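What follows is one structure encoded as structure tokens, with my remarks underneath.
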Amino acid sequence: MNRKNTILKSTLLATSVVTISAVTNVTVHADDMASKTQSQNTPEKQIAKKQDNNNQQLSALKQQQSNAENEAAKQNADKLTELQENNTGKIKILDQQLQNQKQVAQQTANDQLAAKTNTVRQSEQAQAVTENDAYQSQVDAQVKTNDQAVANQQQANDQELADAAKHIVTPEQKQSQIDSATKSTQQALDQAKTDHDATTNKLNDQLTNDLKQNAQQEQAAKNDLKQPNQTDSQKQLTDAQNAVNNAQSKANDAQNALSDAKNTLNANQSALTQAQDSQKAYTTNAIKLPAGYIDAWKEYVNTKEKNDWLVTESTYPDVFKKLKQLDVKAYNDNLMNYHSDPSAKQTPVTLNDNGTLSRDGIIKATQFAVSLLNPIREAIGVTPYKITNASIDVAQDVTNEYRKDNWNTWEHAHDNDALDRVANNWNIDLVGESWAGDSWFGGPWHVYNNLTLDDLYRGVYESILMLLFQDADQGYGHATDILGVRDPNNNFTTGNSLGVSFEYGKGMKAGGQTNVGGFHFNTIPDASSKDVQRLVNEGYVIDAADPTAKVNQPGYRDEIAIPGQDLQKQIIELQAKVNENQSQVDQLTKTANTASQTLNDAKTKLANLQKSITDAENNYQQQLAAINTKYSNQVAKLQADHDAKIKTENDAYQAHVNQLNGDLQTKIDAIKAQPENTDQLKAQLDQKLAQVKQDGQDKLDQLKQAHKARLQKIHQDAEDTLAAYKANLDKDAQAKIAKAQADHDASVKALNDNYTQLKNQLDAQQAKLVSDDQAQYNALATKLDGELTALKNQVLPKTIDHQTAQNKQAVAGNTDTVALDNSGKTTIVLPRVTSDINGEKPESVKFLPQTGNEKNSFTIIALGAFTAMFGMNLVSRKRKF
């Protein structure tokens with residue numbers, strides 16, 4: 001359903017009850033009592049009596065039905081309450097049963113664990129006793145063995161002391177023994193060195209001979225290879241490369257010429273397309289103005305007081321009355337007059353992440369707005385708008401500042417702080433603004449996805465209609481702003497450089513709507529305008545006239561083109577250029593193709609030659625590499641075999657040397673260790689005895705450590721057994737608890753389902769009762785309405801009103817009196833007639849229903865969701881005297 005029609009219908013429903021009353025004076029003459037008596041049972045009274053009777057019957061039935069419905073609802077509520085209380089008691093019992101089951105499961109597990117713990121601990125204690133007994137036996141046996149070893153060693157020591165003379169050696173005897181052993185060892189070392197050197201020299205000579213023979217074989221293999229002639233190959237390559245270079249130069253020239261021609265063609269085609277698109281967008285849409293509209297604004301400009309900027313009924317009654325009358329026709333003529341542009345429908349428009357319109361979108365929105373407004377401004381005689389880079393950037397800055405402040409314009413009007421910040425940033429006196437809440441761009445639900453340029457144009461179009469033709473209640477403040485008629489010759493309340501932007505607050509709410517936003521029509525002063533120059537000459541300090549101001553810097557003051565009225569001539573000229581460019585492109589394409597083919601042939605010949613030479617060179621290099629690899633590998637193998645043999649020889653020699661030296665040192669140590677007197681012999685024997693005792697103690701310590709380890713294992717095994725048993729008990733207990741919980745939940749669910757089933761059943765019974773009552777009521781109402789209609793048809797004659805082509809009912813035989821139609825859907829309030837004592841014909845009294853154009857009705861509703869505001873500032877605060 002169309003949103004405008006939906007809003008219109010909802011409005012009519014909300015205002016459908018209209019009370020129409022007519023108060024008339026009835027003059028009755030004393031001699032006219034007979035006439036009064038005859039009129040007591042008039043058709044009007046018969047109809048009214050029937051209407052009252054119908055209403056009483058319907059009211060009585062409705063009261064009877066209401067009582068029955070209320071009683072049924074009460075009984076249903078009592079049943080549900082009783083069932084709910086019963087369920088609550090059962091659930092309480094189920095909860096207690098569940099708690100008991102949980103406690104039993106846990107207590108059973110605890111009891112079983114206690115019994116198991118007792119058994120495991122008894123077994124652990126028995127194993128520990130057995131281990132202790134075994135350990136004690138081992139200790140006793142080891143002590144006995146140790147005592148025997150000490151006794152044996154003591155006996156040996158005593159025997160050696162008794163034979164001390166046999167074991168005493170003098171220092172001179174020791175040295176003689178050492179010298180003899182050293183000499184013998186040195187002779188063995190010398191012989192080993194001689195044998196080692198001979199073996200090493202033999203291995204080195206063998207390596208030298210093998211490497212020489214390998215080198216000779218390698219050189220012979222390389223001599224058998226035939227290397228390609230580098231000179232001939234290079235000459236062939238040079239000739240082929242020169243041919244490619246020449247062909248490449250010609251192909252480049254041809255391609256450059258073709259690229260230039262294509263660039264020219266593309267530029268002209270783009271310009272042609274843009275001109276054609278502009279022609280569609282800017283020629284199919286224009287604001288139609290009713291006769292007298294321009295004259296009314298001219299009258300305002302010529303008669304207004306200085307510094308006035310509003311048109312109100314009290315200040316300019318004639319102009320206000322004219323504009324308000326013209327607004328209805330102007331709005332209705334233009335509301336459904338927007339023409340969509342197919343190409344604009346294919347052009348996407350995206351909003352920035354903060355909900356603001358992109359710079360390109362602002363430019364297009366502003367160009368479209370200016371194309372609609374400038375013809376009106378020029379007709380009034382006001383300076384037309386211009387568009388500059390500064391006005392576009394200012395418009396974008398304004399929306400960004402609104403979003404930074406999270407400003408809800410629908411509820412709080414203009415964000416004056418934001419406008420001041422932007423003005424200060426650009427070094428200008430003010431930023432003018434008119435604002436229109438969006439009910440078109442984002443649709444009725446303010447969804448800003450998949451938008452097109454056509455949507456943007458429509459939003460701007462509808463906003464301008466509201467600002468121009470729905471502004472009477474705002475004193476035409478918006479209209480005087482965007483039309484530039486705020487006394488442009490005497491004050492500084494408007495600017496002539498325009499920027500139209502859009503922003504919305506994501507999730508922002510107002511008036512029951514979400515994502516609310518709107519269009520900003522922002523103006524800034526132009527330093528080059530006559531208005532600004534005049535104010536400067538009059539002594540005002542105008543920031544915008546300062547050459548150092550940001551707004552006057554190069555680039556910002558550059559103007560952006562506004563589509564003009566000579567687009568058709570431009571399109572014809574561009575089309576001719578495009579045709580000429582296309583012919584040039586076609587001819588140059590043939591030339592470029594020929595040059596490209598020649599280049600490809602030369603490149604193919606060069607590539608084939610390069611491949612042939614490369615293949616030959618690669619084949620030679622591959623064979624050469626194979627030879628190098630083969631003989632290099634043989635060198636490495638010969639060297640590795642030699643090194644391995646040398647290492648084996650060195651290791652054997654060093655091991656032999658180490659053995660000889662070790663044996664010599666052992667002999668020397670033994671010679672030196674021989675006792676030189678009885679005390680030294682006794683000390684050596686005591687040391688042997690002490691070592692025997694230490695060895696015995698070490699064995700006892702080992703037995704003790706092994707005993708402790710076995711006891712620890714017995715304890716750990718018991719702990720592991722109990723832990724595993726407890727885990728199984730816990731698992732079983734949890735399974736029992738889980739099953740009890742599931743049974744409990746199933747029982748509770750069954751009770752709740754039973755309650756829900758009963759409630760649904762009772763709700764269905766109640767709904768059927770209400771439906772049956774409504775059907776009974778409707779049947780009676782239809783019957784009574786039919787009786788009332790029959791009575792009307794019986795007592796009231798019918799006539800035809802040819803002006804409205806509708807059936808109308810005559811009252812008291814007066815065909816000029818108009819009543820409402822006989823559709824049966826509207827309460828009829830009949831007028832009374834007036835007669836005087838002279839018996840003159842009564843005067844007809846007509847009651848016309850309130851009517852409204854659909855567009856006007858939509859406008860009233862749209863204004864409910866539309867907030868239009870405008871801002872202005874004066875510069876008198878900075879005037880110098």
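Naming works like this for the structure tokens: A, B, ... for the chains as they're shown, residue 1 at the start of each chain, ligands 1 onward in shown order.
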Checklist entry - Per DSSP on the backbone, what are the strand (DSSP E) residues of stretch 376-458 of chain A, as a ChimeraX atom specification? => result /A:432-437,451-452
Deliver the residues from the most recent selection as a file, using N, CA and C atoms, as a short mmCIF file (atom, residue, chain, number, x, y, z; two decimals), in the first residue's frame.
```cif
data_model
loop_
_atom_site.label_atom_id
_atom_site.label_comp_id
_atom_site.auth_asym_id
_atom_site.auth_seq_id
_atom_site.Cartn_x
_atom_site.Cartn_y
_atom_site.Cartn_z
N GLY A 432 24.32 30.23 7.31
CA GLY A 432 22.87 30.21 7.30
C GLY A 432 22.36 28.79 7.11
N GLU A 433 21.18 28.49 7.62
CA GLU A 433 20.67 27.13 7.49
C GLU A 433 19.15 27.10 7.50
N SER A 434 18.60 26.34 6.54
CA SER A 434 17.22 25.87 6.58
C SER A 434 17.29 24.36 6.58
N TRP A 435 16.39 23.73 7.31
CA TRP A 435 16.49 22.29 7.53
C TRP A 435 15.12 21.66 7.35
N ALA A 436 15.11 20.50 6.68
CA ALA A 436 13.86 19.78 6.46
C ALA A 436 14.04 18.34 6.90
N GLY A 437 13.15 17.88 7.79
CA GLY A 437 13.22 16.49 8.22
C GLY A 437 12.91 15.54 7.07
N LEU A 451 20.47 3.04 -1.56
CA LEU A 451 19.95 4.31 -2.06
C LEU A 451 20.56 4.63 -3.42
N THR A 452 19.82 5.40 -4.22
CA THR A 452 20.29 5.80 -5.54
C THR A 452 20.27 7.31 -5.64
#
```
With a distance cut-off of 7 Å and only C-alpha atoms, select the neighbouring residues of A:Thr399, excluding the residue or stretch itself and same-chain residues fewer than 6 positions from it, and output the selection as a PDB file with all heavy atoms, in the first residue's frame.
```pdb
ATOM      1  N   THR A 356      26.473  10.633   7.336  1.00  0.00           N
ATOM      2  CA  THR A 356      26.460  11.854   6.534  1.00  0.00           C
ATOM      3  C   THR A 356      26.620  11.525   5.063  1.00  0.00           C
ATOM      4  O   THR A 356      27.146  10.478   4.695  1.00  0.00           O
ATOM      5  CB  THR A 356      27.588  12.804   6.977  1.00  0.00           C
ATOM      6  OG1 THR A 356      28.855  12.154   6.768  1.00  0.00           O
ATOM      7  CG2 THR A 356      27.438  13.161   8.445  1.00  0.00           C
ATOM      8  N   PHE A 502      23.070  16.106   3.861  1.00  0.00           N
ATOM      9  CA  PHE A 502      22.115  15.266   4.585  1.00  0.00           C
ATOM     10  C   PHE A 502      22.855  14.511   5.690  1.00  0.00           C
ATOM     11  O   PHE A 502      24.015  14.150   5.527  1.00  0.00           O
ATOM     12  CB  PHE A 502      21.454  14.255   3.638  1.00  0.00           C
ATOM     13  CG  PHE A 502      20.517  13.298   4.345  1.00  0.00           C
ATOM     14  CD1 PHE A 502      19.209  13.648   4.591  1.00  0.00           C
ATOM     15  CD2 PHE A 502      20.968  12.066   4.784  1.00  0.00           C
ATOM     16  CE1 PHE A 502      18.361  12.785   5.262  1.00  0.00           C
ATOM     17  CE2 PHE A 502      20.126  11.196   5.454  1.00  0.00           C
ATOM     18  CZ  PHE A 502      18.820  11.563   5.688  1.00  0.00           C
ATOM     19  N   GLU A 503      22.184  14.281   6.824  1.00  0.00           N
ATOM     20  CA  GLU A 503      22.727  13.438   7.891  1.00  0.00           C
ATOM     21  C   GLU A 503      21.578  12.876   8.709  1.00  0.00           C
ATOM     22  O   GLU A 503      20.482  13.419   8.719  1.00  0.00           O
ATOM     23  CB  GLU A 503      23.688  14.229   8.794  1.00  0.00           C
ATOM     24  CG  GLU A 503      23.143  15.531   9.376  1.00  0.00           C
ATOM     25  CD  GLU A 503      22.287  15.355  10.605  1.00  0.00           C
ATOM     26  OE1 GLU A 503      22.447  14.337  11.307  1.00  0.00           O
ATOM     27  OE2 GLU A 503      21.437  16.223  10.859  1.00  0.00           O
TER      28      GLU A 503
END
```
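Of the listed residues (A:Thr591, A:Asp111, A:Leu161, A:Leu791), A:Leu791 comes nearest to A:Ile47; the distances count only C-alpha atoms.
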Item to check | Residue among A:Gly555, A:Gln575, A:Leu203, A:Lys222 lying closest to A:Ala267, counting only C-alpha atoms | outcome: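 Of the candidates, the smallest distance to A:Ala267 is held by A:Gln575.
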Item to check | Contact residues around A:Tyr293 with only C-alpha atoms at 8 Å, ignoring same-chain residues under 2 positions, as a list in words | outcome: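 Counting only the stated atoms, we get Leu289, Pro290, Ala291, Asp295, Ala296, Trp297, Lys322, Leu323 and Leu326 of chain A.
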Next on the checklist: When you count only C-alpha atoms, which of these residues is closest to A:Ile571: A:Asn70, A:Asp701, A:Ser270, A:Ala114?
Outcome noted: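 Among the listed residues, A:Ser270 lies closest to A:Ile571.
In this comparison, which uses only C-alpha atoms, the residue of A:Ala709, A:Glu787, A:Asn425, A:Lys611 approaching A:Lys550 most closely is A:Asn425.
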Checklist entry - Between A:Leu258, A:Ala395, A:Met466, A:Val500, which has the minimum distance to A:Asn593 (counting only C-alpha atoms)? => result A:Leu258
Item to check | Counting only C-alpha atoms, the option among A:Lys688, A:Lys202, A:Arg403, A:Lys116 closest to A:Ile646 | outcome: A:Lys202
Item to check | For A:Tyr457: contacts at 12 Å, only C-alpha atoms, fewer than 6 positions along chain excluded, given as a PyMOL selection string | outcome: chain A and resi 281-282+284-286+338-341+344-345+347+349+361-372+440-442+451+463-464+500-502+519
Could you dump the residues just selected with C-alpha atoms as an mmCIF file, in the first residue's frame?
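Written out: out.cif:
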```cif
data_model
loop_
_atom_site.group_PDB
_atom_site.id
_atom_site.type_symbol
_atom_site.label_atom_id
_atom_site.label_comp_id
_atom_site.auth_asym_id
_atom_site.auth_seq_id
_atom_site.Cartn_x
_atom_site.Cartn_y
_atom_site.Cartn_z
ATOM 1 C CA ALA A 281 17.711 15.282 -14.442
ATOM 2 C CA TYR A 282 17.527 19.049 -14.789
ATOM 3 C CA THR A 284 12.378 16.962 -16.587
ATOM 4 C CA ASN A 285 12.084 18.376 -13.065
ATOM 5 C CA ALA A 286 11.094 21.971 -12.454
ATOM 6 C CA TYR A 338 8.730 14.557 -9.628
ATOM 7 C CA HIS A 339 10.062 12.629 -12.637
ATOM 8 C CA SER A 340 12.436 9.760 -11.907
ATOM 9 C CA ASP A 341 15.595 9.485 -13.985
ATOM 10 C CA ALA A 344 19.967 8.163 -11.707
ATOM 11 C CA LYS A 345 18.207 5.020 -10.480
ATOM 12 C CA THR A 347 23.702 5.353 -9.758
ATOM 13 C CA VAL A 349 24.491 6.859 -3.343
ATOM 14 C CA GLY A 361 26.536 13.345 -3.083
ATOM 15 C CA ILE A 362 26.514 16.876 -1.620
ATOM 16 C CA ILE A 363 27.636 18.310 -4.977
ATOM 17 C CA LYS A 364 24.872 16.455 -6.861
ATOM 18 C CA ALA A 365 22.218 17.381 -4.267
ATOM 19 C CA THR A 366 23.297 21.041 -4.386
ATOM 20 C CA GLN A 367 23.359 21.185 -8.212
ATOM 21 C CA PHE A 368 19.862 19.710 -8.321
ATOM 22 C CA ALA A 369 18.558 22.106 -5.647
ATOM 23 C CA VAL A 370 20.075 25.125 -7.432
ATOM 24 C CA SER A 371 18.500 24.015 -10.739
ATOM 25 C CA LEU A 372 15.109 24.126 -8.987
ATOM 26 C CA TRP A 440 11.310 10.633 1.479
ATOM 27 C CA PHE A 441 15.048 9.933 1.014
ATOM 28 C CA GLY A 442 15.207 6.997 3.443
ATOM 29 C CA LEU A 451 19.949 4.307 -2.064
ATOM 30 C CA SER A 463 12.239 19.102 0.948
ATOM 31 C CA ILE A 464 12.125 22.234 -1.243
ATOM 32 C CA VAL A 500 22.854 20.984 0.402
ATOM 33 C CA SER A 501 23.793 18.042 2.617
ATOM 34 C CA PHE A 502 22.115 15.266 4.585
ATOM 35 C CA PHE A 519 18.436 17.835 4.685
#
```
Next on the checklist: Quick one: residues within 12 Å of A:Val657, only C-alpha atoms, excluding same-chain residues fewer than 2 positions away - as an MDAnalysis selection string?
Outcome noted: chainID A and resid 185:193 196 650:655 659:664
Item to check | For atom CA of A:Asp481 and atom CA of A:Asp543, the interatomic separation in Å (one decimal) | outcome: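 Between these atoms lies a distance of 20.7 Å.
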Leaving out A:Val795 and any residue of its chain fewer than 5 positions from it, which residues lie within 9 Å of it when counting only C-alpha atoms, given as a short mmCIF file (atom, residue, chain, number, x, y, z; two decimals) with C-alpha atoms, in the first residue's frame?
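Heads up, here's the output in around-v4.cif:
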```
data_model
loop_
_atom_site.label_atom_id
_atom_site.label_comp_id
_atom_site.auth_asym_id
_atom_site.auth_seq_id
_atom_site.Cartn_x
_atom_site.Cartn_y
_atom_site.Cartn_z
CA THR A 42 -42.95 14.45 11.56
CA PRO A 43 -40.68 12.11 9.51
CA GLU A 44 -37.71 13.45 11.44
CA GLN A 46 -40.18 8.98 13.40
CA ILE A 47 -36.60 8.44 12.26
CA ALA A 790 -36.56 1.15 5.13
#
```
